[in-house]
Amino acid sequence: MSRIGNAIITIPEGVEVSFADGLVTVKGKKGELVQAIDDAIKMNIEDGVITFTRNSDAPDVRSKHGLYRSLVNNMVVGVSEGYKTVQELVGVGYRAKAQGQTLELAFGYSHPIVLELPQEIKVTATMEKGKNPTVELESCDKQLIGQVAAKIRSLRKPEPYKGKGIRFKGEQIRRKAGKAAG
């Protein structure tokens, strides 16, 4: 029994959900998202509530039951509220600058790193005196924003000795002691 797959999704005000030919389309004030759904999973929209059922109890179908319910729920939340991630650059001389869909990062390499971000993502970079620079990403697509945030973090992962690198806001880095004085 899939506990996640059996949970219902209530559609909030201002969100339109349609299902045709194996494609789910969700429209809201933040944008529009489309997701393909496997034939083994049936989606039913009635009275502002979405439910999912499966046609067999095979292990792969059972896993898809919860998967597609979660994907559609993330789409509904994304187009109504949106998703946001904040990353901070910890280190001396680390800088971030955003212009349109371009993010320019400088953190210890001999050259600045320039990233072109997808149109669905809104990026802002802030640098305040006495605080670490931050990069804030906003989007209605949870998968895309997570993928872009992971790509930015992979450019300079936090290291355990001094804690320098790119980390998510509030993330705790496990620190190591280093060499003991002899």
# chains A, B, ... in the order shown; residues from 1 in each chain; ligands from 1
$ residues_around --residues "range 69-81 of chain A" --least-positions-apart "3" --cutoff "10 Å" --atoms "only C-alpha atoms" --output "ChimeraX atom specification"
/A:4-17,24-37,41,43,50-53,64-66,84,139-143
$ select_by_dssp --residues "range 115-146 of chain A" --states "strand (DSSP E)" --output "ChimeraX atom specification"
/A:115-116,122-126,134-139
$ write_last_selection --atoms "N, CA, C and O atoms" --output "CSV table (one decimal), in the first residue's frame"
chain,number,residue,atom,x,y,z
A,115,LEU,N,27.8,31.5,-15.3
A,115,LEU,CA,26.7,30.5,-15.6
A,115,LEU,C,25.5,31.2,-16.2
A,115,LEU,O,25.1,32.2,-15.8
A,116,GLU,N,25.1,30.5,-17.3
A,116,GLU,CA,23.8,31.0,-18.0
A,116,GLU,C,22.7,30.1,-17.4
A,116,GLU,O,22.7,28.9,-17.5
A,122,LYS,N,14.6,32.8,-11.6
A,122,LYS,CA,14.9,34.1,-11.3
A,122,LYS,C,16.0,34.1,-10.2
A,122,LYS,O,16.0,33.5,-9.2
A,123,VAL,N,17.1,34.8,-10.5
A,123,VAL,CA,18.3,34.8,-9.7
A,123,VAL,C,18.6,36.2,-9.2
A,123,VAL,O,18.5,37.2,-9.9
A,124,THR,N,19.0,36.3,-7.9
A,124,THR,CA,19.5,37.5,-7.3
A,124,THR,C,20.7,37.2,-6.4
A,124,THR,O,20.7,36.2,-5.8
A,125,ALA,N,21.6,38.1,-6.5
A,125,ALA,CA,22.9,38.0,-5.7
A,125,ALA,C,23.0,39.2,-4.8
A,125,ALA,O,22.9,40.3,-5.3
A,126,THR,N,23.3,39.0,-3.5
A,126,THR,CA,23.4,40.1,-2.6
A,126,THR,C,24.8,40.0,-1.9
A,126,THR,O,25.3,38.9,-1.6
A,134,THR,N,25.4,36.1,-0.9
A,134,THR,CA,24.3,35.1,-1.1
A,134,THR,C,23.8,35.1,-2.5
A,134,THR,O,23.8,36.1,-3.2
A,135,VAL,N,23.4,33.9,-2.9
A,135,VAL,CA,22.7,33.7,-4.2
A,135,VAL,C,21.4,33.1,-4.0
A,135,VAL,O,21.3,32.1,-3.3
A,136,GLU,N,20.3,33.8,-4.4
A,136,GLU,CA,19.0,33.4,-4.2
A,136,GLU,C,18.3,33.0,-5.5
A,136,GLU,O,18.3,33.8,-6.5
A,137,LEU,N,17.8,31.8,-5.6
A,137,LEU,CA,17.1,31.2,-6.8
A,137,LEU,C,15.6,31.1,-6.5
A,137,LEU,O,15.3,30.5,-5.5
A,138,GLU,N,14.8,31.5,-7.4
A,138,GLU,CA,13.3,31.4,-7.3
A,138,GLU,C,12.8,30.8,-8.6
A,138,GLU,O,13.2,31.2,-9.7
A,139,SER,N,11.9,29.8,-8.5
A,139,SER,CA,11.2,29.2,-9.6
A,139,SER,C,10.0,28.5,-9.2
A,139,SER,O,9.8,28.2,-8.0
$ residues_around --residues "Val92 in chain A" --least-positions-apart "6" --cutoff "12 Å" --atoms "only C-alpha atoms" --output "JSON, numbers by chain"
{"A": [106, 107, 108, 130, 131, 132, 133, 162, 163, 164, 165]}
$ closest_residue --among "A:Leu144, A:Val49, A:Ala98, A:Leu155" --to "Glu120 in chain A" --atoms "only C-alpha atoms"
A:Leu144
$ select_by_dssp --residues "range 21-142 of chain A" --states "helix (DSSP H, G or I)" --output "number ranges by chain"
A: 59-80, 142
